[in-house]
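Next up, start-v5.tsv (TSV, C-alpha atoms):
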```
chain	number	residue	atom	x	y	z
A	1	MET	CA	-30.62	-87.22	-40.74
A	2	ASN	CA	-30.20	-88.25	-37.09
A	3	ASN	CA	-28.62	-91.59	-36.27
A	4	ILE	CA	-27.82	-90.97	-32.61
A	5	LYS	CA	-30.25	-93.72	-31.63
A	6	ALA	CA	-28.00	-96.24	-33.43
A	7	LEU	CA	-25.21	-95.70	-30.90
A	8	PRO	CA	-24.94	-98.14	-27.98
A	9	PRO	CA	-26.60	-97.06	-24.70
A	10	ALA	CA	-23.30	-97.16	-22.79
A	11	PHE	CA	-21.80	-94.65	-25.22
A	12	LEU	CA	-24.86	-92.38	-25.01
A	13	LYS	CA	-24.76	-92.58	-21.22
A	14	ALA	CA	-21.09	-91.50	-21.28
A	15	ARG	CA	-21.93	-88.67	-23.66
A	16	LEU	CA	-24.67	-87.46	-21.30
A	17	THR	CA	-22.13	-87.36	-18.48
A	18	LEU	CA	-19.80	-85.18	-20.55
A	19	ILE	CA	-22.63	-82.87	-21.59
A	20	ASP	CA	-23.80	-82.44	-17.99
A	21	ARG	CA	-20.24	-81.67	-16.93
A	22	GLU	CA	-19.96	-78.99	-19.61
A	23	LEU	CA	-23.38	-77.55	-18.76
A	24	ASN	CA	-22.39	-77.24	-15.10
A	25	GLN	CA	-19.42	-75.11	-16.14
A	26	LEU	CA	-21.56	-72.70	-18.15
A	27	PRO	CA	-23.42	-69.79	-16.55
A	28	ARG	CA	-27.22	-69.63	-16.55
A	29	ILE	CA	-28.05	-66.89	-19.03
A	30	GLN	CA	-31.19	-65.04	-20.06
A	31	ILE	CA	-31.78	-62.49	-22.78
A	32	GLY	CA	-34.14	-59.59	-22.06
A	33	ARG	CA	-34.59	-55.84	-22.21
A	34	HIS	CA	-33.64	-52.98	-19.95
A	35	GLY	CA	-35.40	-49.86	-21.12
A	36	ALA	CA	-34.57	-49.45	-24.81
A	37	ASP	CA	-31.55	-51.78	-24.68
A	38	GLU	CA	-31.43	-55.48	-25.36
A	39	VAL	CA	-29.44	-57.05	-22.53
A	40	ILE	CA	-28.06	-60.38	-21.48
A	41	ARG	CA	-27.97	-61.53	-17.86
A	42	ALA	CA	-25.65	-64.12	-16.31
A	43	TYR	CA	-26.99	-65.66	-13.09
A	44	SER	CA	-25.07	-67.20	-10.21
A	45	PHE	CA	-26.58	-69.21	-7.38
A	46	SER	CA	-25.64	-69.74	-3.76
A	47	SER	CA	-27.38	-71.72	-1.03
A	48	ASP	CA	-29.79	-68.95	-0.13
A	49	HIS	CA	-30.07	-66.46	-2.98
A	50	ARG	CA	-29.55	-65.69	-6.66
A	51	THR	CA	-27.51	-62.83	-8.12
A	52	HIS	CA	-26.90	-61.70	-11.68
A	53	ASN	CA	-24.76	-59.45	-13.82
A	54	GLU	CA	-26.28	-57.59	-16.74
A	55	TYR	CA	-24.62	-56.36	-19.94
A	56	LYS	CA	-25.76	-54.76	-23.17
A	57	LEU	CA	-26.03	-57.40	-25.84
A	58	THR	CA	-23.86	-55.32	-28.17
A	59	SER	CA	-21.01	-55.00	-25.66
A	60	LYS	CA	-17.90	-57.17	-25.77
A	61	LYS	CA	-18.91	-58.95	-22.56
A	62	GLY	CA	-22.45	-59.31	-23.88
A	63	GLN	CA	-21.22	-60.98	-27.06
A	64	LEU	CA	-19.04	-63.36	-25.05
A	65	LEU	CA	-22.01	-64.34	-22.91
A	66	MET	CA	-24.11	-64.73	-26.04
A	67	SER	CA	-21.69	-67.33	-27.38
A	68	LYS	CA	-21.97	-69.22	-24.07
A	69	TYR	CA	-25.77	-68.93	-24.24
A	70	GLU	CA	-25.79	-70.42	-27.75
A	71	LEU	CA	-23.48	-73.24	-26.63
A	72	ARG	CA	-25.73	-74.00	-23.68
A	73	GLU	CA	-28.81	-74.13	-25.92
A	74	LYS	CA	-26.99	-76.44	-28.34
A	75	LEU	CA	-25.91	-78.78	-25.54
A	76	LEU	CA	-29.44	-78.87	-24.11
A	77	SER	CA	-30.80	-79.76	-27.55
A	78	ILE	CA	-28.28	-82.58	-27.95
A	79	ARG	CA	-29.05	-83.79	-24.44
A	80	LYS	CA	-32.74	-83.97	-25.29
A	81	GLN	CA	-31.99	-85.99	-28.43
A	82	ILE	CA	-29.84	-88.45	-26.48
A	83	GLU	CA	-32.44	-88.92	-23.76
A	84	ALA	CA	-35.05	-89.63	-26.45
A	85	ALA	CA	-32.71	-92.16	-28.09
A	86	LEU	CA	-32.06	-94.13	-24.89
A	87	PRO	CA	-34.43	-97.06	-24.33
A	88	PRO	CA	-36.87	-96.78	-21.40
A	89	SER	CA	-35.43	-97.94	-18.08
A	90	TYR	CA	-32.12	-98.62	-19.79
A	91	THR	CA	-29.24	-100.16	-17.96
A	92	ALA	CA	-25.78	-99.65	-19.39
A	93	PRO	CA	-22.33	-100.18	-17.91
A	94	ASP	CA	-20.09	-97.25	-17.12
A	95	LEU	CA	-17.17	-96.68	-19.49
A	96	ASN	CA	-13.72	-96.10	-18.04
A	97	PRO	CA	-11.27	-94.48	-20.51
A	98	GLN	CA	-8.41	-95.46	-18.19
A	99	LEU	CA	-8.83	-99.18	-18.88
A	100	HIS	CA	-6.81	-99.05	-22.12
A	101	LYS	CA	-4.10	-96.75	-23.39
A	102	PRO	CA	-5.08	-95.67	-26.91
A	103	LEU	CA	-2.73	-95.44	-29.84
A	104	PHE	CA	-4.20	-91.98	-30.51
A	105	GLY	CA	-5.32	-90.07	-27.44
A	106	VAL	CA	-6.14	-86.53	-26.39
A	107	ASP	CA	-2.64	-85.16	-27.02
A	108	PHE	CA	-2.73	-86.51	-30.57
A	109	TRP	CA	-6.14	-84.92	-31.17
A	110	ASN	CA	-5.07	-81.54	-29.81
A	111	SER	CA	-1.91	-81.57	-31.91
A	112	LEU	CA	-3.69	-82.02	-35.25
A	113	LYS	CA	-3.24	-79.24	-37.78
A	114	PRO	CA	-5.38	-78.77	-40.90
A	115	GLN	CA	-3.97	-79.64	-44.28
A	116	SER	CA	-3.76	-77.05	-47.05
A	117	ASN	CA	-4.16	-78.68	-50.45
A	118	ASN	CA	-4.11	-76.92	-53.80
A	119	TYR	CA	-6.74	-79.33	-55.11
A	120	GLN	CA	-9.32	-77.89	-52.76
A	121	SER	CA	-9.87	-74.77	-54.86
A	122	LYS	CA	-10.79	-77.01	-57.82
A	123	SER	CA	-12.92	-79.59	-56.02
A	124	VAL	CA	-16.57	-79.89	-57.04
A	125	TYR	CA	-17.36	-81.64	-53.75
A	126	GLU	CA	-18.13	-79.51	-50.75
A	127	TYR	CA	-19.69	-80.08	-47.35
A	128	LYS	CA	-20.11	-77.42	-44.68
A	129	ASN	CA	-17.78	-75.10	-46.58
A	130	ILE	CA	-15.04	-77.76	-46.70
A	131	LYS	CA	-13.73	-78.78	-50.10
A	132	MET	CA	-13.45	-82.56	-50.30
A	133	ARG	CA	-11.86	-84.93	-52.77
A	134	SER	CA	-14.86	-87.15	-53.50
A	135	ARG	CA	-18.55	-87.80	-53.04
A	136	GLY	CA	-17.62	-90.75	-50.82
A	137	GLU	CA	-15.89	-88.42	-48.37
A	138	VAL	CA	-18.96	-86.18	-48.29
A	139	ILE	CA	-21.09	-89.23	-47.44
A	140	ILE	CA	-18.73	-90.19	-44.62
A	141	ALA	CA	-18.77	-86.65	-43.21
A	142	GLN	CA	-22.58	-86.59	-43.31
A	143	VAL	CA	-22.83	-89.87	-41.42
A	144	LEU	CA	-20.28	-88.70	-38.82
A	145	ASP	CA	-22.38	-85.58	-38.25
A	146	SER	CA	-25.56	-87.65	-38.00
A	147	LEU	CA	-23.95	-89.56	-35.12
A	148	GLY	CA	-22.75	-86.37	-33.45
A	149	LEU	CA	-19.10	-87.44	-33.77
A	150	MET	CA	-16.27	-84.90	-33.76
A	151	TYR	CA	-13.79	-85.12	-36.62
A	152	LYS	CA	-11.09	-83.25	-38.53
A	153	TYR	CA	-10.77	-83.55	-42.29
A	154	GLU	CA	-7.34	-84.26	-43.73
A	155	PRO	CA	-5.24	-83.09	-40.78
A	156	ILE	CA	-1.49	-83.57	-40.91
A	157	ILE	CA	-0.12	-86.47	-38.86
A	158	ARG	CA	3.41	-87.76	-38.46
A	159	ILE	CA	4.32	-91.43	-38.61
A	160	GLY	CA	8.01	-92.08	-38.21
A	161	ASP	CA	9.81	-89.55	-40.39
A	162	GLU	CA	6.91	-89.10	-42.82
A	163	TYR	CA	3.84	-86.88	-42.82
A	164	TYR	CA	0.42	-88.02	-44.00
A	165	SER	CA	-3.09	-86.61	-44.29
A	166	PRO	CA	-5.73	-89.21	-43.40
A	167	ASP	CA	-9.17	-88.46	-44.77
A	168	PHE	CA	-10.71	-88.15	-41.30
A	169	VAL	CA	-9.53	-88.32	-37.72
A	170	VAL	CA	-12.47	-88.92	-35.37
A	171	TRP	CA	-12.32	-87.97	-31.68
A	172	LEU	CA	-14.33	-89.86	-29.06
A	173	PRO	CA	-14.15	-87.78	-25.85
A	174	GLU	CA	-16.33	-90.41	-24.16
A	175	LEU	CA	-13.38	-92.83	-24.47
A	176	ARG	CA	-10.58	-90.26	-24.84
A	177	ARG	CA	-9.31	-91.85	-28.02
A	178	CYS	CA	-9.24	-91.22	-31.77
A	179	PHE	CA	-9.56	-93.42	-34.82
A	180	ILE	CA	-8.70	-92.77	-38.45
A	181	ILE	CA	-10.93	-93.17	-41.51
A	182	GLU	CA	-9.57	-93.65	-45.02
A	183	PHE	CA	-11.77	-93.78	-48.11
A	184	MET	CA	-10.13	-95.82	-50.87
A	185	GLY	CA	-12.29	-94.65	-53.72
A	186	ARG	CA	-10.65	-96.30	-56.77
A	187	LEU	CA	-9.60	-99.83	-55.98
A	188	ASP	CA	-9.97	-100.65	-59.69
A	189	ASP	CA	-7.24	-98.15	-60.65
A	190	ASP	CA	-3.67	-99.50	-60.52
A	191	ASP	CA	-2.06	-96.05	-60.30
A	192	TYR	CA	-4.36	-95.12	-57.43
A	193	LEU	CA	-3.41	-98.27	-55.53
A	194	THR	CA	0.30	-97.68	-56.15
A	195	ASP	CA	-0.01	-94.18	-54.71
A	196	ASN	CA	-1.97	-95.20	-51.61
A	197	LEU	CA	-0.53	-98.56	-50.55
A	198	PRO	CA	2.63	-97.03	-48.97
A	199	LYS	CA	0.47	-94.93	-46.67
A	200	LEU	CA	-1.60	-97.93	-45.60
A	201	GLY	CA	1.60	-99.90	-45.02
A	202	ALA	CA	2.94	-97.11	-42.81
A	203	TYR	CA	-0.31	-97.08	-40.84
A	204	LEU	CA	-0.12	-100.80	-40.10
A	205	LYS	CA	3.58	-100.71	-39.27
A	206	SER	CA	2.90	-97.92	-36.75
A	207	GLY	CA	0.65	-100.27	-34.77
A	208	MET	CA	-2.77	-99.28	-36.09
A	209	ILE	CA	-5.30	-102.11	-35.95
A	210	ILE	CA	-8.00	-102.18	-38.61
A	211	ASN	CA	-11.50	-101.77	-37.14
A	212	LYS	CA	-10.01	-100.41	-33.94
A	213	ASP	CA	-7.67	-97.55	-34.81
A	214	LEU	CA	-8.40	-97.49	-38.55
A	215	ILE	CA	-11.52	-97.94	-40.67
A	216	LEU	CA	-11.25	-98.42	-44.43
A	217	PHE	CA	-14.14	-97.66	-46.76
A	218	CYS	CA	-13.71	-98.75	-50.36
A	219	GLY	CA	-15.17	-97.80	-53.71
A	220	TYR	CA	-14.73	-98.34	-57.42
A	221	GLU	CA	-15.34	-96.23	-60.50
A	222	ASN	CA	-18.92	-97.46	-60.76
A	223	ARG	CA	-19.62	-98.25	-57.11
A	224	MET	CA	-19.75	-95.75	-54.28
A	225	VAL	CA	-19.84	-96.47	-50.57
A	226	SER	CA	-23.38	-96.06	-49.21
A	227	PRO	CA	-24.48	-94.15	-46.09
A	228	ASP	CA	-25.82	-97.38	-44.59
A	229	GLU	CA	-22.46	-99.11	-45.03
A	230	VAL	CA	-20.66	-96.22	-43.36
A	231	LEU	CA	-23.18	-96.11	-40.52
A	232	ASP	CA	-23.01	-99.85	-39.88
A	233	ASP	CA	-19.20	-99.91	-39.72
A	234	LEU	CA	-18.91	-96.83	-37.50
A	235	VAL	CA	-21.50	-98.11	-35.04
A	236	ALA	CA	-19.85	-101.56	-35.01
A	237	LEU	CA	-16.51	-99.97	-34.11
A	238	ILE	CA	-18.02	-97.91	-31.30
A	239	LYS	CA	-19.83	-100.97	-29.93
A	240	LYS	CA	-16.53	-102.87	-29.91
A	241	LEU	CA	-14.79	-100.04	-28.07
A	242	CYS	CA	-17.60	-99.83	-25.53
A	243	ARG	CA	-17.13	-103.52	-24.74
A	244	MET	CA	-13.40	-102.85	-24.23
A	245	TYR	CA	-13.99	-99.97	-21.83
A	246	ALA	CA	-17.05	-101.30	-19.99
A	247	VAL	CA	-16.79	-101.50	-16.21
A	248	SER	CA	-18.39	-104.74	-15.04
```
Please re-express this file's structure in structure tokens.
Amino acid sequence: MNNIKALPPAFLKARLTLIDRELNQLPRIQIGRHGADEVIRAYSFSSDHRTHNEYKLTSKKGQLLMSKYELREKLLSIRKQIEAALPPSYTAPDLNPQLHKPLFGVDFWNSLKPQSNNYQSKSVYEYKNIKMRSRGEVIIAQVLDSLGLMYKYEPIIRIGDEYYSPDFVVWLPELRRCFIIEFMGRLDDDDYLTDNLPKLGAYLKSGMIINKDLILFCGYENRMVSPDEVLDDLVALIKKLCRMYAVS
């Protein structure tokens, strides 16, 4: 599943800029052979000539370069997907992350620590080797991946004097801001609501704005959130943020 084309052109344009910046910081690397050894070569370029360093693929330096080679190939693949998703002769405004100070920015994202829950060893739901609480959370994670969005599952955050674990914190490097996703899977269960309403109240009191800093997806015992619903709401939020950060 690939929903990158659903993202607004301005966001894709900003993502291309970040990818190109990261590619420019990576060495040009080729894998080849030298006699009986498999080697990896890192190239550097100056105005008039090209030089390279060569290492055995099995060496420590060779393995480090291999990881950079794999990252470069991944970024090039993503770049190709984005270029294919952009409309022909597209025009999109630039996005300036400095236009608004986010409630959750880069320092918040870098500070996040994973949660360790005892329930995880018992969970029947799993996605990419992560134990999750519900099928709804798996659906949300799948849609986030289909959009190429970075996220952390159930990290620990502090609000006031209390600690909470939101279902997902999503990082948008294009805008240098985060937003939180909560899946309220049993709105028809009074005990469930009693347990979760204090957390939602703390979120709102902290200054979070729904559909800006916080997205809520809801379900019932006999009704699950659908991938299309998740996709529509995520894309709508990103479109709203792009309008906020657009440079006219």
(request) Find the spatial neighbours of A:Tyr245, counting all atoms listed in the file, within a cut-off of 10 Å - ignore same-chain residues fewer than 2 positions away - and output them as number ranges by chain. (result) A: 10, 93-100, 175, 240-243, 247-248
(message) I'd like to know which of A:Gly148, A:Gly136, A:Gly160, A:Pro173 is closest to A:Trp109, using all atoms listed in the file.
(response)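 Counting all atoms listed in the file, the residue closest to A:Trp109 is A:Pro173.
Nearest residue to A:Trp171, choosing from A:Tyr55, A:Phe108, A:Tyr69, A:Tyr125 and counting all atoms listed in the file: A:Phe108.
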(request) Between atom CA of A:Tyr164 and atom CA of A:Ile209, measure the distance and give it in Å to one decimal. (result) 17.2 Å
(request) Give the answer as one residue: which of A:Val170, A:Ala202, A:Leu64, A:Ala36 has the shortest atom-to-atom distance to A:Ile238, using all atoms listed in the file? (result)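 Going through A:Val170, A:Ala202, A:Leu64, A:Ala36 one by one, the smallest distance to A:Ile238 is for A:Val170.
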